[in-house]
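Here is start23.cif, consisting of mmCIF, C-alpha atoms:
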data_start
loop_
_atom_site.label_atom_id
_atom_site.label_comp_id
_atom_site.auth_asym_id
_atom_site.auth_seq_id
_atom_site.Cartn_x
_atom_site.Cartn_y
_atom_site.Cartn_z
CA MET A 1 21.83 0.71 18.79
CA LYS A 2 24.24 1.88 16.12
CA LYS A 3 25.00 0.04 12.92
CA ASP A 4 26.76 0.60 9.60
CA LEU A 5 24.08 0.16 6.99
CA MET A 6 24.00 -0.57 3.32
CA ILE A 7 20.38 -1.04 2.35
CA GLY A 8 18.80 -2.92 -0.53
CA THR A 9 15.20 -1.98 -1.25
CA HIS A 10 12.37 -4.07 -2.69
CA LEU A 11 9.01 -2.66 -3.78
CA LYS A 12 5.58 -4.12 -4.41
CA PHE A 13 2.36 -2.26 -5.10
CA ALA A 14 -1.33 -3.02 -4.52
CA ARG A 15 -3.48 -0.71 -6.57
CA ALA A 16 -6.56 0.86 -4.97
CA GLY A 17 -9.87 -0.31 -6.42
CA VAL A 18 -8.45 -3.47 -8.02
CA GLU A 19 -9.56 -6.66 -6.28
CA VAL A 20 -6.91 -9.26 -5.60
CA ASN A 21 -7.75 -12.46 -3.71
CA GLY A 22 -11.00 -10.97 -2.40
CA VAL A 23 -9.44 -7.74 -1.12
CA THR A 24 -10.06 -4.36 -2.75
CA PRO A 25 -7.39 -1.98 -1.42
CA SER A 26 -8.22 1.59 -0.43
CA ALA A 27 -7.11 4.08 2.21
CA LEU A 28 -9.39 2.12 4.57
CA VAL A 29 -8.36 -1.38 3.49
CA LYS A 30 -4.74 -2.55 3.57
CA PRO A 31 -3.97 -6.02 2.16
CA ALA A 32 -2.56 -8.36 4.79
CA ASN A 33 -0.67 -10.78 2.61
CA ASP A 34 2.46 -10.18 0.53
CA ALA A 35 0.83 -12.02 -2.40
CA ASP A 36 -1.86 -9.33 -2.62
CA TYR A 37 0.76 -6.71 -3.52
CA ASN A 38 0.65 -7.95 -7.09
CA VAL A 39 2.40 -5.16 -9.03
CA GLU A 40 6.14 -5.85 -9.15
CA LEU A 41 8.23 -2.74 -9.73
CA GLY A 42 11.60 -4.31 -10.50
CA CYS A 43 15.13 -3.48 -9.44
CA VAL A 44 15.61 -0.44 -7.19
CA GLU A 45 19.01 1.18 -7.69
CA ASP A 46 18.73 3.66 -4.83
CA PHE A 47 16.18 5.63 -2.90
CA ASP A 48 15.71 8.99 -1.31
CA ILE A 49 13.28 10.16 1.35
CA LYS A 50 12.09 13.73 0.97
CA LYS A 51 10.33 15.49 3.78
CA GLU A 52 8.68 18.91 3.58
CA VAL A 53 7.41 20.52 6.75
CA SER A 54 5.92 24.00 6.79
CA TYR A 55 5.94 26.01 9.98
CA ILE A 56 4.48 29.13 11.47
CA GLU A 57 7.35 30.86 13.21
CA LYS A 58 6.65 32.79 16.37
CA ARG A 59 9.23 35.55 16.69
CA CYS A 60 9.76 38.05 19.46
CA PRO A 61 12.42 40.47 20.63
CA VAL A 62 15.32 39.06 22.65
CA PRO A 63 15.00 39.73 26.42
CA GLY A 64 15.91 43.33 27.18
CA GLY A 65 16.53 44.08 23.51
CA GLY A 66 14.90 44.99 20.24
CA ARG A 67 16.28 42.35 17.86
CA TYR A 68 13.77 39.71 16.79
CA ARG A 69 14.58 36.02 17.14
CA THR A 70 12.58 32.84 16.45
CA ARG A 71 11.03 31.71 19.74
CA LYS A 72 8.99 28.76 18.53
CA LYS A 73 8.25 26.86 15.31
CA ILE A 74 4.77 25.35 15.02
CA PRO A 75 4.39 22.69 12.31
CA VAL A 76 1.27 23.32 10.23
CA GLY A 77 1.73 21.03 7.26
CA GLN A 78 3.87 18.11 6.32
CA LYS A 79 4.55 16.08 3.19
CA MET A 80 6.65 13.01 2.58
CA LYS A 81 7.88 11.61 -0.69
CA PHE A 82 9.84 8.46 -1.43
CA ALA A 83 11.94 8.77 -4.57
CA PHE A 84 13.36 5.57 -6.04
CA SER A 85 15.79 5.16 -8.94
CA MET A 86 14.43 2.25 -10.93
CA GLN A 87 16.23 0.14 -13.53
CA GLN A 88 13.34 -1.79 -15.08
CA TRP A 89 10.14 -0.64 -16.75
CA SER A 90 6.76 -2.34 -16.57
CA GLU A 91 3.35 -1.72 -18.14
CA PHE A 92 2.41 0.12 -14.97
CA THR A 93 5.40 2.47 -14.85
CA LEU A 94 5.86 2.97 -18.61
CA VAL A 95 2.28 3.31 -19.82
CA GLU A 96 0.20 4.35 -16.85
CA LEU A 97 2.67 6.62 -15.09
CA LEU A 98 5.11 7.91 -17.73
CA TYR A 99 2.54 8.14 -20.55
CA ASN A 100 -0.26 9.08 -18.10
CA ALA A 101 -2.62 6.60 -19.75
CA LYS A 102 -5.31 4.24 -18.57
CA THR A 103 -4.48 0.54 -18.31
CA PRO A 104 -3.78 -0.72 -21.86
CA ASN A 105 -6.32 -2.98 -23.51
CA ALA A 106 -4.42 -5.70 -25.42
CA GLY A 107 -1.43 -3.38 -25.48
CA ASN A 108 -3.38 -0.41 -26.85
CA PHE A 109 -3.52 2.87 -24.92
CA LYS A 110 -4.13 6.58 -25.34
CA PRO A 111 -1.28 8.77 -24.07
CA ASN A 112 -2.19 11.41 -21.51
CA ASP A 113 -5.76 10.13 -21.24
CA ARG A 114 -5.90 9.23 -17.56
CA ASN A 115 -8.01 11.65 -15.54
CA VAL A 116 -7.96 9.85 -12.18
CA ASP A 117 -4.89 9.72 -9.98
CA VAL A 118 -3.45 6.29 -9.27
CA GLU A 119 -3.39 5.39 -5.57
CA GLY A 120 -2.55 2.26 -3.65
CA TRP A 121 -0.47 0.51 -1.06
CA LEU A 122 3.29 0.39 -1.49
CA ASP A 123 5.15 -2.31 0.40
CA ILE A 124 8.74 -1.21 0.98
CA LYS A 125 11.13 -3.78 2.38
CA LYS A 126 14.68 -2.73 3.17
CA TYR A 127 17.37 -5.29 3.92
CA ASP A 128 20.90 -4.72 5.19
CA GLN A 129 24.16 -6.16 3.86
CA ASN A 130 23.54 -9.37 5.88
CA ASP A 131 20.10 -9.82 4.28
CA ASP A 132 18.37 -8.98 7.56
CA LEU A 133 15.10 -7.09 7.25
CA ILE A 134 15.61 -3.61 8.70
CA LEU A 135 12.53 -1.70 7.64
CA ASP A 136 9.14 -2.97 6.55
CA LEU A 137 6.79 -0.18 5.50
CA GLN A 138 3.27 -0.31 4.13
CA VAL A 139 2.24 3.15 3.02
CA TYR A 140 -0.73 4.48 1.08
CA ILE A 141 0.70 6.52 -1.78
CA SER A 142 0.15 8.36 -5.01
CA PRO A 143 2.85 7.10 -7.43
CA ASP A 144 4.36 8.95 -10.37
CA VAL A 145 7.25 8.72 -12.79
CA GLU A 146 9.24 11.84 -13.59
CA SER A 147 10.09 12.80 -17.17
CA TYR A 148 12.66 10.54 -18.74
CA LYS A 149 15.05 10.67 -21.66
CA PHE A 150 15.60 7.39 -23.49
CA ASP A 151 19.07 7.02 -24.92
CA GLU A 152 21.96 4.56 -25.02
CA LYS A 153 23.07 5.28 -21.45
CA VAL A 154 20.16 3.37 -19.89
CA ASP A 155 19.95 5.65 -16.89
CA PRO A 156 17.55 4.77 -14.09
CA TYR A 157 14.24 6.60 -13.95
CA ALA A 158 12.66 8.27 -10.93
CA PHE A 159 9.65 6.56 -9.39
CA VAL A 160 8.21 8.99 -6.84
CA ALA A 161 5.65 7.96 -4.25
CA GLU A 162 3.91 10.72 -2.33
CA LEU A 163 2.56 9.61 1.01
CA LEU A 164 -1.21 10.03 1.36
CA HIS A 165 -3.08 9.96 4.62
CA SER A 166 -4.32 6.63 5.94
CA ASP A 167 -4.73 5.56 9.54
CA LEU A 168 -3.24 2.24 8.41
CA ASN A 169 0.14 3.65 7.26
CA ASP A 170 2.64 1.58 9.16
CA GLY A 171 6.34 0.79 9.53
CA ASP A 172 8.32 -1.79 11.47
CA LEU A 173 11.98 -1.39 12.39
CA THR A 174 13.92 -4.56 13.24
CA ASN A 175 17.51 -5.83 13.46
CA LEU A 176 19.06 -2.39 13.93
CA MET B 1 -30.26 -48.51 -2.76
CA SER B 2 -27.14 -49.23 -4.76
CA GLU B 3 -23.67 -48.57 -3.35
CA GLU B 4 -23.12 -45.89 -6.01
CA ASN B 5 -26.28 -43.99 -5.01
CA LYS B 6 -25.28 -44.13 -1.35
CA ASN B 7 -21.87 -42.68 -2.18
CA THR B 8 -23.45 -39.92 -4.28
CA LYS B 9 -25.77 -38.93 -1.41
CA THR B 10 -22.87 -38.90 1.03
CA VAL B 11 -20.88 -36.64 -1.28
CA GLN B 12 -23.90 -34.34 -1.73
CA LYS B 13 -24.39 -34.10 2.05
CA ALA B 14 -20.69 -33.32 2.53
CA SER B 15 -20.85 -30.62 -0.17
CA LYS B 16 -23.91 -29.05 1.43
CA ALA B 17 -22.21 -29.04 4.84
CA ALA B 18 -19.08 -27.48 3.36
CA ALA B 19 -21.16 -24.82 1.59
CA LYS B 20 -22.92 -24.02 4.86
CA GLU B 21 -19.61 -23.72 6.68
CA THR B 22 -18.07 -21.37 4.13
CA LYS B 23 -20.90 -18.87 3.81
CA MET B 24 -19.28 -15.54 3.04
CA VAL B 25 -20.38 -12.10 4.21
CA GLU B 26 -19.15 -8.55 3.73
CA VAL B 27 -18.28 -6.68 6.90
CA GLU B 28 -17.55 -3.05 7.70
CA ALA B 29 -15.06 -2.06 10.38
CA LEU B 30 -16.44 -0.10 13.33
CA LYS B 31 -13.02 0.91 14.65
CA THR B 32 -9.37 1.27 13.62
CA PRO B 33 -7.62 -1.07 13.18
CA VAL B 34 -9.49 -4.30 12.64
CA ILE B 35 -7.16 -7.14 11.71
CA THR B 36 -8.57 -9.87 9.50
CA GLU B 37 -7.03 -12.76 7.64
CA LYS B 38 -7.12 -10.91 4.30
CA ALA B 39 -6.70 -7.25 5.25
CA THR B 40 -6.28 -4.67 7.96
CA LEU B 41 -9.23 -2.27 8.07
CA ALA B 42 -9.66 1.29 9.22
CA LYS B 43 -13.09 2.40 10.43
CA GLY B 44 -15.46 2.21 7.44
CA GLY B 45 -13.28 -0.24 5.48
CA ARG B 46 -14.94 -3.34 4.05
CA VAL B 47 -13.80 -6.88 3.34
CA THR B 48 -15.36 -10.32 2.86
CA MET B 49 -14.94 -13.11 5.37
CA GLU B 50 -16.57 -16.30 6.58
CA GLN B 51 -19.86 -15.73 8.38
CA SER B 52 -18.75 -17.59 11.51
CA THR B 53 -15.67 -15.34 11.89
CA ALA B 54 -17.72 -12.24 11.08
CA GLU B 55 -20.26 -13.10 13.77
CA LEU B 56 -17.51 -13.42 16.38
CA LYS B 57 -16.04 -10.08 15.36
CA ALA B 58 -19.48 -8.47 15.32
CA LYS B 59 -20.10 -9.76 18.84
CA ALA B 60 -16.81 -8.18 19.91
CA GLY B 61 -17.96 -4.86 18.44
CA GLU B 62 -15.21 -4.76 15.81
CA VAL B 63 -17.34 -5.01 12.66
CA THR B 64 -20.88 -4.97 11.41
CA ILE B 65 -22.13 -7.40 8.77
CA VAL B 66 -23.36 -5.38 5.80
CA ARG B 67 -24.42 -8.12 3.37
CA VAL B 68 -24.41 -11.81 2.77
CA ILE B 69 -22.49 -12.73 -0.35
CA SER B 70 -23.09 -16.46 -0.69
#
Give the structure from this file in structure tokens form.
Amino acid sequence: MKKDLMIGTHLKFARAGVEVNGVTPSALVKPANDADYNVELGCVEDFDIKKEVSYIEKRCPVPGGGRYRTRKKIPVGQKMKFAFSMQQWSEFTLVELLYNAKTPNAGNFKPNDRNVDVEGWLDIKKYDQNDDLILDLQVYISPDVESYKFDEKVDPYAFVAELLHSDLNDGDLTNL
Amino acid sequence: MSEENKNTKTVQKASKAAAKETKMVEVEALKTPVITEKATLAKGGRVTMEQSTAELKAKAGEVTIVRVIS
């Protein structure tokens, strides 16, 4: 099928190690219900999928000649990152990711004090211009927020989610 | 026995029956994936569920019961 697509993205996060409704998410445990993805990330302006694949290239001389050409590329490592431009800040994105702090206690936190990476399940729902669900992804990720300059322009900030391995990473494509 | 006492005993019996029915256990997945009401598990993943459901899944070789919670 072919389709012209304009996609609106919605994000929810379920943090690893934090129990919600009797489920403690981890790379081995993926929450089944939307309500268990309890960290709202706000309005997504746009998104970008970045893929890095490293290869070993097997090269050999062309038949009957001496010039070397690539005969085969063997993938040996791959990374995927989802980069989202976000309009709204939350305690999670401002304090824990941008200021690299532990979860604030009554609003109080120590900048750059977090020594354990945040992980969890990101639920990514993408709808087309007719509000039909096109992509529904649940991926185990390490989230981060890139450096940001606050000024009067109110630019979006970059929320970057690096895909981590889990046998439960999953995506569904519909209505294409 | 007064009517009030009878009603109290009936309520107590019903509560005990309900408590027995909703005994919760923690299970560990023996394969990938195991789909439960609350979560999808990969091998080694743990979640709590009702004992009756856990026993069915254990019989099917999907999970093992690791501890009784209540």
Could the residues of chain B within 9 Å of chain A, counting all atoms listed in the file, be given as a PyMOL selection string, please?
-> chain B and resi 32-33+35-49
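Close contacts of Thr53 in chain B, defined as residues with an atom at most 10 Å away when counting all atoms listed in the file, with chain neighbours fewer than 3 positions off set aside, comprise Met24, Val25, Thr36, Glu37, Met49, Glu50, Leu56, Lys57, Ala58 and Lys59 of chain B.
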Padded axis-aligned box of range 49-58 of chain A (8 Å per side), centre and edge lengths, Å, one decimal, as JSON:
{"center_x": 8.9, "center_y": 21.5, "center_z": 8.7, "size_x": 24.8, "size_y": 38.6, "size_z": 31.4}
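Rounded to one decimal, CA of Trp89 in chain A and CA of Gly171 in chain A lie 26.6 Å from each other.
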Any chance you could work out the residue set of the PyMOL selection byres ((chain A and resi 74) around 9) here, as number ranges by chain?
-> A: 54-58, 72-73, 75-76
Take the residues from that selection and write them out as a PDB file, in the frame of the given file, keeping C-alpha atoms.
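Now in part-v1.pdb:
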ATOM      1  CA  SER A  54       5.920  24.000   6.790  1.00  0.00           C
ATOM      2  CA  TYR A  55       5.940  26.010   9.980  1.00  0.00           C
ATOM      3  CA  ILE A  56       4.480  29.130  11.470  1.00  0.00           C
ATOM      4  CA  GLU A  57       7.350  30.860  13.210  1.00  0.00           C
ATOM      5  CA  LYS A  58       6.650  32.790  16.370  1.00  0.00           C
ATOM      6  CA  LYS A  72       8.990  28.760  18.530  1.00  0.00           C
ATOM      7  CA  LYS A  73       8.250  26.860  15.310  1.00  0.00           C
ATOM      8  CA  PRO A  75       4.390  22.690  12.310  1.00  0.00           C
ATOM      9  CA  VAL A  76       1.270  23.320  10.230  1.00  0.00           C
TER      10      VAL A  76
END
Expansion of the PyMOL selection byres ((chain B and resi 65) around 7) into residues, as a list in words | Val25, Glu26, Val27, Glu28, Ala54, Val63, Thr64, Val66 and Arg67 of chain B
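CA of Gln129 in chain A lies 29.2 Å from CA of Glu146 in chain A.
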Once the PyMOL selection byres ((chain A and resi 100) around 8) has been applied to the shown file, what residues remain in the selection, as a short mmCIF file (atom, residue, chain, number, x, y, z; two decimals) with C-alpha atoms, in the frame of the given file?
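Written output follows (part_0.cif):
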data_model
loop_
_atom_site.label_atom_id
_atom_site.label_comp_id
_atom_site.auth_asym_id
_atom_site.auth_seq_id
_atom_site.Cartn_x
_atom_site.Cartn_y
_atom_site.Cartn_z
CA VAL A 95 2.28 3.31 -19.82
CA GLU A 96 0.20 4.35 -16.85
CA LEU A 97 2.67 6.62 -15.09
CA LEU A 98 5.11 7.91 -17.73
CA TYR A 99 2.54 8.14 -20.55
CA ALA A 101 -2.62 6.60 -19.75
CA LYS A 102 -5.31 4.24 -18.57
CA PRO A 111 -1.28 8.77 -24.07
CA ASN A 112 -2.19 11.41 -21.51
CA ASP A 113 -5.76 10.13 -21.24
CA ARG A 114 -5.90 9.23 -17.56
#
Do you know which residues are at most 8 Å from Pro143 in chain A counting all atoms listed in the file, after dropping those on the same chain fewer than 2 positions away, and could you put them as a PDB file with C-alpha atoms, in the frame of the given file?
ATOM      1  CA  LEU A  97       2.670   6.620 -15.090  1.00  0.00           C
ATOM      2  CA  VAL A 118      -3.450   6.290  -9.270  1.00  0.00           C
ATOM      3  CA  GLU A 119      -3.390   5.390  -5.570  1.00  0.00           C
ATOM      4  CA  ILE A 141       0.700   6.520  -1.780  1.00  0.00           C
ATOM      5  CA  VAL A 145       7.250   8.720 -12.790  1.00  0.00           C
ATOM      6  CA  PHE A 159       9.650   6.560  -9.390  1.00  0.00           C
ATOM      7  CA  VAL A 160       8.210   8.990  -6.840  1.00  0.00           C
ATOM      8  CA  ALA A 161       5.650   7.960  -4.250  1.00  0.00           C
ATOM      9  CA  GLU A 162       3.910  10.720  -2.330  1.00  0.00           C
TER      10      GLU A 162
END
Using the structure block above, produce a file of range 36-57 of chain B that contains N, CA, C and O atoms, as a short mmCIF file (atom, residue, chain, number, x, y, z; two decimals), in the first residue's frame.
data_model
loop_
_atom_site.label_atom_id
_atom_site.label_comp_id
_atom_site.auth_asym_id
_atom_site.auth_seq_id
_atom_site.Cartn_x
_atom_site.Cartn_y
_atom_site.Cartn_z
N THR B 36 0.28 -11.87 30.15
CA THR B 36 -0.60 -11.89 31.31
C THR B 36 -1.49 -10.65 31.27
O THR B 36 -1.31 -9.77 30.42
N GLU B 37 -2.41 -10.59 32.19
CA GLU B 37 -3.35 -9.47 32.21
C GLU B 37 -2.62 -8.14 32.44
O GLU B 37 -2.96 -7.12 31.87
N LYS B 38 -1.57 -8.18 33.29
CA LYS B 38 -0.90 -6.93 33.67
C LYS B 38 0.32 -6.61 32.82
O LYS B 38 0.70 -5.45 32.68
N ALA B 39 1.01 -7.66 32.32
CA ALA B 39 2.28 -7.41 31.63
C ALA B 39 2.63 -8.55 30.68
O ALA B 39 2.13 -9.67 30.82
N THR B 40 3.48 -8.22 29.73
CA THR B 40 4.07 -9.25 28.88
C THR B 40 5.47 -9.54 29.43
O THR B 40 6.23 -8.60 29.69
N LEU B 41 5.79 -10.82 29.59
CA LEU B 41 7.05 -11.19 30.22
C LEU B 41 7.99 -11.86 29.24
O LEU B 41 7.56 -12.65 28.40
N ALA B 42 9.27 -11.56 29.38
CA ALA B 42 10.31 -12.35 28.72
C ALA B 42 10.77 -13.39 29.74
O ALA B 42 10.49 -13.26 30.94
N LYS B 43 11.49 -14.39 29.27
CA LYS B 43 11.97 -15.45 30.17
C LYS B 43 12.72 -14.83 31.35
O LYS B 43 13.64 -14.03 31.14
N GLY B 44 12.33 -15.18 32.56
CA GLY B 44 12.97 -14.62 33.76
C GLY B 44 12.22 -13.45 34.35
O GLY B 44 12.49 -13.05 35.48
N GLY B 45 11.28 -12.86 33.60
CA GLY B 45 10.51 -11.72 34.10
C GLY B 45 9.47 -12.17 35.12
O GLY B 45 8.95 -13.28 35.03
N ARG B 46 9.19 -11.29 36.09
CA ARG B 46 8.27 -11.65 37.16
C ARG B 46 7.10 -10.68 37.27
O ARG B 46 7.27 -9.49 37.03
N VAL B 47 5.95 -11.22 37.65
CA VAL B 47 4.77 -10.38 37.88
C VAL B 47 3.86 -11.11 38.87
O VAL B 47 4.01 -12.32 39.07
N THR B 48 2.96 -10.35 39.50
CA THR B 48 2.00 -11.00 40.41
C THR B 48 0.70 -11.27 39.68
O THR B 48 0.31 -10.53 38.77
N MET B 49 0.05 -12.36 40.08
CA MET B 49 -1.25 -12.68 39.50
C MET B 49 -2.02 -13.57 40.47
O MET B 49 -1.47 -14.03 41.47
N GLU B 50 -3.29 -13.78 40.16
CA GLU B 50 -4.11 -14.65 41.00
C GLU B 50 -3.58 -16.08 40.95
O GLU B 50 -3.16 -16.54 39.88
N GLN B 51 -3.67 -16.76 42.08
CA GLN B 51 -3.12 -18.11 42.18
C GLN B 51 -3.77 -19.05 41.17
O GLN B 51 -3.09 -19.87 40.54
N SER B 52 -5.08 -18.93 41.00
CA SER B 52 -5.78 -19.85 40.09
C SER B 52 -5.24 -19.70 38.66
O SER B 52 -4.99 -20.69 37.97
N THR B 53 -5.04 -18.46 38.22
CA THR B 53 -4.49 -18.21 36.88
C THR B 53 -3.05 -18.71 36.79
O THR B 53 -2.66 -19.33 35.79
N ALA B 54 -2.29 -18.45 37.85
CA ALA B 54 -0.88 -18.87 37.87
C ALA B 54 -0.76 -20.38 37.77
O ALA B 54 0.12 -20.91 37.07
N GLU B 55 -1.66 -21.09 38.45
CA GLU B 55 -1.60 -22.56 38.42
C GLU B 55 -1.88 -23.09 37.02
O GLU B 55 -1.25 -24.04 36.56
N LEU B 56 -2.82 -22.45 36.33
CA LEU B 56 -3.11 -22.86 34.94
C LEU B 56 -1.90 -22.63 34.05
O LEU B 56 -1.54 -23.46 33.22
N LYS B 57 -1.28 -21.46 34.22
CA LYS B 57 -0.11 -21.14 33.40
C LYS B 57 1.07 -22.03 33.74
O LYS B 57 1.86 -22.40 32.88
#
